[in-house]
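Visitor: What follows is a structure written as C-alpha coordinates; I'll ask about it next.
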Amino acid sequence: ASAGHARHQRPQLATGAAMAPDGRLWVVGVNAQAQLFVQTTALGGPVLWSEPRILNTGQDPIAADGESRPQVAFGPKGWVVISYTMPLAKRFTGFVRMLRSSDGGASFGEPFTVHQDRQEITHRFDAIAFDGKGVLHTLWIDKRDQSPKGSAQPYVGAAIYRNASQDGGAS
(Lines give C-alpha, C1' and ligand atoms only; values in the text may rest on other atoms or scores of the structure.)
Protein backbone atom coordinates (compact mmCIF):
# COMPACT_ATOMS: atom_id res chain seq x y z
CA ALA A 1 0.00 0.00 0.00
CA SER A 2 1.19 3.50 -0.74
CA ALA A 3 1.79 6.00 2.06
CA GLY A 4 -1.29 7.97 0.97
CA HIS A 5 -3.46 4.86 1.02
CA ALA A 6 -2.14 3.82 4.44
CA ARG A 7 -2.79 7.32 5.77
CA HIS A 8 -6.48 7.02 4.86
CA GLN A 9 -6.74 3.63 6.56
CA ARG A 10 -5.96 4.99 10.04
CA PRO A 11 -8.91 5.49 12.35
CA GLN A 12 -10.40 8.98 12.09
CA LEU A 13 -10.73 9.79 15.77
CA ALA A 14 -10.70 13.58 16.04
CA THR A 15 -14.06 15.10 16.96
CA GLY A 16 -15.51 18.55 17.50
CA ALA A 17 -17.85 19.48 20.33
CA ALA A 18 -19.95 22.47 21.37
CA MET A 19 -22.77 23.33 23.73
CA ALA A 20 -26.11 24.05 22.07
CA PRO A 21 -28.34 26.90 23.30
CA ASP A 22 -30.66 24.32 24.89
CA GLY A 23 -27.82 22.97 27.08
CA ARG A 24 -27.14 19.79 25.12
CA LEU A 25 -23.58 18.84 24.26
CA TRP A 26 -23.12 18.10 20.55
CA VAL A 27 -20.25 15.96 19.27
CA VAL A 28 -19.45 15.71 15.56
CA GLY A 29 -17.00 13.16 14.17
CA VAL A 30 -16.35 10.48 11.57
CA ASN A 31 -17.42 6.85 12.08
CA ALA A 32 -15.66 3.66 10.94
CA GLN A 33 -17.48 3.89 7.58
CA ALA A 34 -15.98 7.38 6.99
CA GLN A 35 -19.38 9.07 7.47
CA LEU A 36 -19.83 12.34 9.30
CA PHE A 37 -22.08 11.93 12.34
CA VAL A 38 -23.49 13.98 15.18
CA GLN A 39 -24.52 12.84 18.65
CA THR A 40 -26.00 14.80 21.53
CA THR A 41 -26.45 14.42 25.25
CA ALA A 42 -28.13 16.51 27.92
CA LEU A 43 -25.88 17.49 30.80
CA GLY A 44 -26.77 17.73 34.46
CA GLY A 45 -27.83 14.12 34.96
CA PRO A 46 -26.83 10.72 33.67
CA VAL A 47 -24.96 11.02 30.36
CA LEU A 48 -27.21 9.35 27.81
CA TRP A 49 -26.05 9.79 24.21
CA SER A 50 -28.47 9.96 21.31
CA GLU A 51 -28.01 7.48 18.49
CA PRO A 52 -25.39 8.76 16.03
CA ARG A 53 -27.11 10.64 13.21
CA ILE A 54 -25.33 10.36 9.84
CA LEU A 55 -25.10 13.67 7.98
CA ASN A 56 -25.24 13.90 4.18
CA THR A 57 -21.84 15.00 2.89
CA GLY A 58 -22.30 13.63 -0.62
CA GLN A 59 -19.14 11.83 -1.72
CA ASP A 60 -16.78 14.05 0.31
CA PRO A 61 -13.90 12.33 2.05
CA ILE A 62 -13.52 13.91 5.50
CA ALA A 63 -10.37 14.64 7.49
CA ALA A 64 -10.75 13.94 11.19
CA ASP A 65 -7.31 13.58 12.71
CA GLY A 66 -5.05 15.80 14.79
CA GLU A 67 -5.93 19.46 14.35
CA SER A 68 -8.08 18.70 11.32
CA ARG A 69 -11.44 17.79 12.79
CA PRO A 70 -15.09 18.61 12.20
CA GLN A 71 -16.42 21.72 13.98
CA VAL A 72 -19.92 22.69 15.13
CA ALA A 73 -21.26 26.14 16.05
CA PHE A 74 -24.65 27.52 17.06
CA GLY A 75 -26.05 30.89 16.09
CA PRO A 76 -29.30 32.81 16.45
CA LYS A 77 -32.52 31.92 14.62
CA GLY A 78 -31.94 28.17 14.96
CA TRP A 79 -28.76 28.27 12.87
CA VAL A 80 -26.35 25.38 13.28
CA VAL A 81 -23.25 24.98 11.10
CA ILE A 82 -20.85 22.07 10.85
CA SER A 83 -17.57 22.47 9.03
CA TYR A 84 -14.98 19.91 7.97
CA THR A 85 -11.97 19.57 5.70
CA MET A 86 -12.39 17.62 2.49
CA PRO A 87 -8.88 16.38 1.63
CA LEU A 88 -7.86 16.56 -2.03
CA ALA A 89 -5.64 14.13 -3.97
CA LYS A 90 -2.43 16.11 -3.45
CA ARG A 91 -0.92 15.71 0.05
CA PHE A 92 -1.68 18.49 2.55
CA THR A 93 -4.40 20.02 0.38
CA GLY A 94 -8.11 20.38 0.99
CA PHE A 95 -11.25 22.45 0.88
CA VAL A 96 -13.19 23.70 3.88
CA ARG A 97 -16.76 22.44 3.53
CA MET A 98 -19.86 23.29 5.54
CA LEU A 99 -23.32 21.96 6.31
CA ARG A 100 -25.98 24.46 7.38
CA SER A 101 -29.20 24.11 9.34
CA SER A 102 -31.83 26.78 9.98
CA ASP A 103 -34.06 24.54 12.13
CA GLY A 104 -31.83 23.95 15.16
CA GLY A 105 -30.04 20.99 13.58
CA ALA A 106 -33.12 18.90 12.79
CA SER A 107 -32.04 18.92 9.12
CA PHE A 108 -29.02 20.12 7.16
CA GLY A 109 -28.65 21.32 3.58
CA GLU A 110 -26.16 20.10 1.00
CA PRO A 111 -22.46 20.61 1.76
CA PHE A 112 -20.75 23.63 0.20
CA THR A 113 -17.22 25.05 0.03
CA VAL A 114 -16.79 28.17 2.16
CA HIS A 115 -13.99 29.80 0.15
CA GLN A 116 -13.99 31.02 -3.45
CA ASP A 117 -10.41 29.91 -4.21
CA ARG A 118 -10.50 26.41 -5.75
CA GLN A 119 -6.77 25.77 -6.27
CA GLU A 120 -5.47 22.38 -5.15
CA ILE A 121 -3.62 23.90 -2.19
CA THR A 122 -3.98 24.05 1.57
CA HIS A 123 -7.37 25.32 2.70
CA ARG A 124 -7.43 23.50 6.02
CA PHE A 125 -7.55 23.70 9.82
CA ASP A 126 -10.78 25.67 9.97
CA ALA A 127 -12.43 27.35 12.94
CA ILE A 128 -16.02 28.61 13.06
CA ALA A 129 -17.86 30.85 15.50
CA PHE A 130 -20.85 33.16 15.70
CA ASP A 131 -20.18 36.55 17.28
CA GLY A 132 -22.53 38.45 19.59
CA LYS A 133 -24.32 40.03 16.60
CA GLY A 134 -25.04 36.63 14.99
CA VAL A 135 -22.37 36.93 12.28
CA LEU A 136 -20.77 33.60 11.35
CA HIS A 137 -16.98 33.81 11.04
CA THR A 138 -15.07 31.04 9.27
CA LEU A 139 -11.26 31.03 9.45
CA TRP A 140 -8.74 28.64 7.87
CA ILE A 141 -5.10 28.28 6.90
CA ASP A 142 -4.68 29.06 3.20
CA LYS A 143 -1.57 28.85 1.01
CA ARG A 144 -2.78 30.78 -2.03
CA ASP A 145 -0.23 33.52 -1.28
CA GLN A 146 2.73 31.14 -1.36
CA SER A 147 5.29 31.95 -4.07
CA PRO A 148 5.55 29.33 -6.84
CA LYS A 149 8.51 26.92 -6.65
CA GLY A 150 11.51 28.25 -8.53
CA SER A 151 10.17 31.79 -8.34
CA ALA A 152 12.48 34.71 -7.64
CA GLN A 153 9.72 36.22 -5.49
CA PRO A 154 10.23 35.99 -1.73
CA TYR A 155 8.29 33.29 0.06
CA VAL A 156 5.03 34.66 1.36
CA GLY A 157 3.84 31.39 2.93
CA ALA A 158 0.55 30.46 4.49
CA ALA A 159 -1.98 32.92 5.80
CA ILE A 160 -5.12 32.90 7.89
CA TYR A 161 -8.10 33.67 5.69
CA ARG A 162 -11.53 34.59 7.01
CA ASN A 163 -14.98 35.19 5.71
CA ALA A 164 -18.14 36.35 7.41
CA SER A 165 -21.78 35.52 6.82
CA GLN A 166 -24.69 37.65 8.03
CA ASP A 167 -27.22 34.88 7.32
CA GLY A 168 -25.82 31.85 9.15
CA GLY A 169 -23.83 30.53 6.19
CA ALA A 170 -26.53 30.88 3.51
CA SER A 171 -24.22 33.33 1.72
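As shown in the C-alpha coordinates, the chain order sets the letters A, B, ...; within each chain, residues go from 1, and ligands are also counted from 1 in the order they appear.
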Neighbours of Gly104 in chain A within 6 Å (only C-alpha atoms; same-chain residues fewer than 6 positions away dropped), as a ChimeraX atom specification?
Guide: /A:78-80
Visitor: Write the residues of the selection above to a file with N, CA and C atoms, as a PDB file, in the first residue's frame.
Guide:
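After the write, result_37.pdb holds the following:
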```pdb
ATOM      1  N   GLY A  78     -31.998  29.604  15.208  1.00  0.00           N
ATOM      2  CA  GLY A  78     -31.939  28.170  14.960  1.00  0.00           C
ATOM      3  C   GLY A  78     -30.827  27.740  14.030  1.00  0.00           C
ATOM      4  N   TRP A  79     -29.857  28.605  13.776  1.00  0.00           N
ATOM      5  CA  TRP A  79     -28.764  28.267  12.872  1.00  0.00           C
ATOM      6  C   TRP A  79     -27.775  27.339  13.559  1.00  0.00           C
ATOM      7  N   VAL A  80     -27.409  26.285  12.863  1.00  0.00           N
ATOM      8  CA  VAL A  80     -26.347  25.377  13.276  1.00  0.00           C
ATOM      9  C   VAL A  80     -25.481  25.152  12.048  1.00  0.00           C
TER      10      VAL A  80
END
```
Visitor: Neighbouring residues of Ala158 in chain A were defined as those with any atom within 12 Å, considering only C-alpha atoms; residues of the same chain fewer than 3 positions away were excluded. Please report them as a PyMOL selection string.
Guide: chain A and resi 121-125+140-147+155+161
Visitor: Would you output that residue set with all heavy atoms, as a CSV table (one decimal), in the first residue's frame?
Guide:
```csv
chain,number,residue,atom,x,y,z
A,121,ILE,N,-4.6,23.4,-3.2
A,121,ILE,CA,-3.6,23.9,-2.2
A,121,ILE,C,-4.2,23.7,-0.8
A,121,ILE,O,-5.3,23.2,-0.7
A,121,ILE,CB,-3.2,25.4,-2.4
A,121,ILE,CG1,-4.5,26.3,-2.3
A,121,ILE,CG2,-2.5,25.6,-3.7
A,121,ILE,CD1,-4.3,27.7,-2.2
A,122,THR,N,-3.5,24.1,0.2
A,122,THR,CA,-4.0,24.1,1.6
A,122,THR,C,-5.1,25.1,1.8
A,122,THR,O,-4.9,26.3,1.6
A,122,THR,CB,-2.8,24.3,2.6
A,122,THR,OG1,-1.9,23.2,2.5
A,122,THR,CG2,-3.4,24.4,4.0
A,123,HIS,N,-6.3,24.6,2.1
A,123,HIS,CA,-7.4,25.3,2.7
A,123,HIS,C,-7.8,24.4,3.8
A,123,HIS,O,-8.6,23.5,3.6
A,123,HIS,CB,-8.6,25.5,1.8
A,123,HIS,CG,-8.2,26.1,0.4
A,123,HIS,ND1,-8.0,25.4,-0.7
A,123,HIS,CD2,-8.2,27.4,0.1
A,123,HIS,CE1,-7.8,26.2,-1.7
A,123,HIS,NE2,-7.9,27.5,-1.3
A,124,ARG,N,-7.2,24.5,5.0
A,124,ARG,CA,-7.4,23.5,6.0
A,124,ARG,C,-7.4,24.1,7.4
A,124,ARG,O,-7.1,25.3,7.5
A,124,ARG,CB,-6.3,22.4,6.0
A,124,ARG,CG,-6.3,21.7,4.6
A,124,ARG,CD,-5.1,20.8,4.5
A,124,ARG,NE,-5.0,19.9,5.7
A,124,ARG,CZ,-3.9,19.2,5.9
A,124,ARG,NH1,-2.9,19.2,5.1
A,124,ARG,NH2,-3.8,18.4,7.0
A,125,PHE,N,-7.6,23.3,8.4
A,125,PHE,CA,-7.5,23.7,9.8
A,125,PHE,C,-8.5,24.9,10.1
A,125,PHE,O,-8.1,25.9,10.6
A,125,PHE,CB,-6.1,24.0,10.2
A,125,PHE,CG,-5.2,22.9,9.9
A,125,PHE,CD1,-4.2,23.1,8.9
A,125,PHE,CD2,-5.3,21.7,10.5
A,125,PHE,CE1,-3.3,22.1,8.6
A,125,PHE,CE2,-4.4,20.6,10.2
A,125,PHE,CZ,-3.4,20.8,9.2
A,140,TRP,N,-9.5,29.8,8.3
A,140,TRP,CA,-8.7,28.6,7.9
A,140,TRP,C,-7.3,29.0,7.5
A,140,TRP,O,-7.1,30.2,7.2
A,140,TRP,CB,-9.5,27.9,6.7
A,140,TRP,CG,-9.5,28.7,5.5
A,140,TRP,CD1,-8.7,28.6,4.4
A,140,TRP,CD2,-10.6,29.6,5.1
A,140,TRP,NE1,-9.1,29.5,3.4
A,140,TRP,CE2,-10.3,30.1,3.8
A,140,TRP,CE3,-11.7,30.1,5.7
A,140,TRP,CZ2,-11.0,31.0,3.1
A,140,TRP,CZ3,-12.5,31.0,5.1
A,140,TRP,CH2,-12.2,31.5,3.8
A,141,ILE,N,-6.4,28.1,7.4
A,141,ILE,CA,-5.1,28.3,6.9
A,141,ILE,C,-5.2,28.1,5.4
A,141,ILE,O,-5.8,27.1,4.9
A,141,ILE,CB,-4.1,27.3,7.5
A,141,ILE,CG1,-3.9,27.6,9.0
A,141,ILE,CG2,-2.7,27.4,6.8
A,141,ILE,CD1,-3.0,26.7,9.8
A,142,ASP,N,-4.6,29.0,4.7
A,142,ASP,CA,-4.7,29.1,3.2
A,142,ASP,C,-3.3,29.4,2.6
A,142,ASP,O,-2.6,30.3,3.1
A,142,ASP,CB,-5.7,30.2,2.8
A,142,ASP,CG,-6.1,30.1,1.4
A,142,ASP,OD1,-5.3,30.2,0.5
A,142,ASP,OD2,-7.4,30.1,1.2
A,143,LYS,N,-2.9,28.6,1.6
A,143,LYS,CA,-1.6,28.8,1.0
A,143,LYS,C,-1.6,29.5,-0.4
A,143,LYS,O,-0.7,29.4,-1.1
A,143,LYS,CB,-0.8,27.5,1.0
A,143,LYS,CG,-0.3,27.1,2.3
A,143,LYS,CD,0.7,26.0,2.2
A,143,LYS,CE,1.3,25.8,3.6
A,143,LYS,NZ,2.4,24.8,3.5
A,144,ARG,N,-2.7,30.2,-0.7
A,144,ARG,CA,-2.8,30.8,-2.0
A,144,ARG,C,-1.7,31.9,-2.2
A,144,ARG,O,-1.4,32.2,-3.4
A,144,ARG,CB,-4.2,31.3,-2.3
A,144,ARG,CG,-4.6,32.6,-1.5
A,144,ARG,CD,-5.9,33.0,-1.8
A,144,ARG,NE,-6.9,32.2,-1.1
A,144,ARG,CZ,-8.2,32.5,-1.0
A,144,ARG,NH1,-8.7,33.5,-1.6
A,144,ARG,NH2,-9.0,31.7,-0.3
A,145,ASP,N,-1.2,32.4,-1.2
A,145,ASP,CA,-0.2,33.5,-1.3
A,145,ASP,C,1.2,33.0,-1.4
A,145,ASP,O,2.1,33.8,-1.4
A,145,ASP,CB,-0.4,34.5,-0.1
A,145,ASP,CG,-1.7,35.1,0.0
A,145,ASP,OD1,-2.3,35.4,-1.1
A,145,ASP,OD2,-2.2,35.4,1.1
A,146,GLN,N,1.4,31.7,-1.3
A,146,GLN,CA,2.7,31.1,-1.4
A,146,GLN,C,3.3,31.4,-2.7
A,146,GLN,O,2.7,31.2,-3.8
A,146,GLN,CB,2.7,29.7,-1.0
A,146,GLN,CG,4.0,29.0,-0.9
A,146,GLN,CD,3.9,27.6,-0.4
A,146,GLN,OE1,2.9,27.2,0.1
A,146,GLN,NE2,5.0,26.8,-0.6
A,147,SER,N,4.6,31.8,-2.8
A,147,SER,CA,5.3,32.0,-4.1
A,147,SER,C,5.5,30.6,-4.8
A,147,SER,O,5.8,29.6,-4.1
A,147,SER,CB,6.7,32.6,-3.8
A,147,SER,OG,6.5,33.8,-3.2
A,155,TYR,N,9.3,34.2,-0.4
A,155,TYR,CA,8.3,33.3,0.1
A,155,TYR,C,7.3,34.1,0.9
A,155,TYR,O,7.7,34.8,1.9
A,155,TYR,CB,8.9,32.2,0.9
A,155,TYR,CG,7.9,31.3,1.6
A,155,TYR,CD1,7.2,30.4,0.8
A,155,TYR,CD2,7.7,31.4,2.9
A,155,TYR,CE1,6.3,29.5,1.5
A,155,TYR,CE2,6.8,30.5,3.6
A,155,TYR,CZ,6.1,29.6,2.8
A,155,TYR,OH,5.2,28.8,3.4
A,161,TYR,N,-7.0,33.0,6.4
A,161,TYR,CA,-8.1,33.7,5.7
A,161,TYR,C,-9.4,33.6,6.5
A,161,TYR,O,-9.6,32.7,7.3
A,161,TYR,CB,-8.3,33.0,4.3
A,161,TYR,CG,-7.5,33.7,3.2
A,161,TYR,CD1,-6.1,33.5,3.2
A,161,TYR,CD2,-8.1,34.4,2.2
A,161,TYR,CE1,-5.3,34.1,2.2
A,161,TYR,CE2,-7.3,35.0,1.2
A,161,TYR,CZ,-5.9,34.8,1.2
A,161,TYR,OH,-5.2,35.4,0.3
```
Visitor: Would you mind listing what lies within 12 Å of Ile62 in chain A as an MDAnalysis selection string, with only C-alpha atoms counted and same-chain residues fewer than 4 positions away left out?
Guide: chainID A and resid 8 11:15 28:37 55:58 68:71 83:88 94:98 111 124
Visitor: Going by DSSP on the backbone, which bits of chain A are helix (DSSP H, G or I)? Write them as a list in words, please.
Guide: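 Matching residues, listed in order: Ala3, Gly4, His5, Ala6, Arg7, His8 and Gln9 of chain A.
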Visitor: DSSP on the backbone, then: every residue of chain A marked strand (DSSP E), written as a PyMOL selection string.
Guide: chain A and resi 16-19+24-30+36-42+53-54+71-74+80-87+94-101+112-113+123-130+136-142+159-165
Visitor: What is the distance, in Å and to one decimal place, between CA of Gln39 in chain A and CA of Glu110 in chain A?
Guide: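 Rounded to one decimal, the two atoms are 19.2 Å apart.
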Visitor: Enter the distance from CA of Pro21 in chain A to CA of Ser101 in chain A, in Å, rounded to one decimal.
Guide: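 Atom-to-atom, CA of Pro21 in chain A to CA of Ser101 in chain A, that is 14.3 Å.
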Visitor: Ranking A:Ala89, A:Leu99, A:Ala63, A:Ala170 by minimum distance to Val38 in chain A and counting only C-alpha atoms, which one comes first?
Guide: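 Closest to Val38 in chain A of all the choices is A:Leu99.
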Visitor: Give the answer as one residue: which of A:Ala106, A:Arg100, A:His137, A:Thr93 has the shortest atom-to-atom distance to Arg118 in chain A, using only C-alpha atoms?
Guide: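 Among the listed residues, the smallest separation from Arg118 in chain A belongs to A:Thr93.
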Visitor: Just want the 10 Å neighbourhood of Asp167 in chain A, counted on only C-alpha atoms, with same-chain residues fewer than 4 positions away dropped. Output as a list in words.
Guide: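 Listed by chain and then number, they are Gly75, Pro76, Lys77, Trp79, Ser102, Gly134, Val135, Leu136 and Ser171 of chain A.
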Visitor: I'd like the interatomic distance between CA of Leu139 in chain A and CA of Arg24 in chain A, to a tenth of an Å.
Guide: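 CA of Arg24 in chain A lies at a distance of 25.0 Å from CA of Leu139 in chain A.
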Visitor: Excluding Thr138 in chain A and its own-chain neighbours fewer than 2 positions away, which residues fall within 8 Å of it when counting only C-alpha atoms? Please give them as a VMD selection string.
Guide: chain A and resid 114 126 to 129 136 140 162 to 164
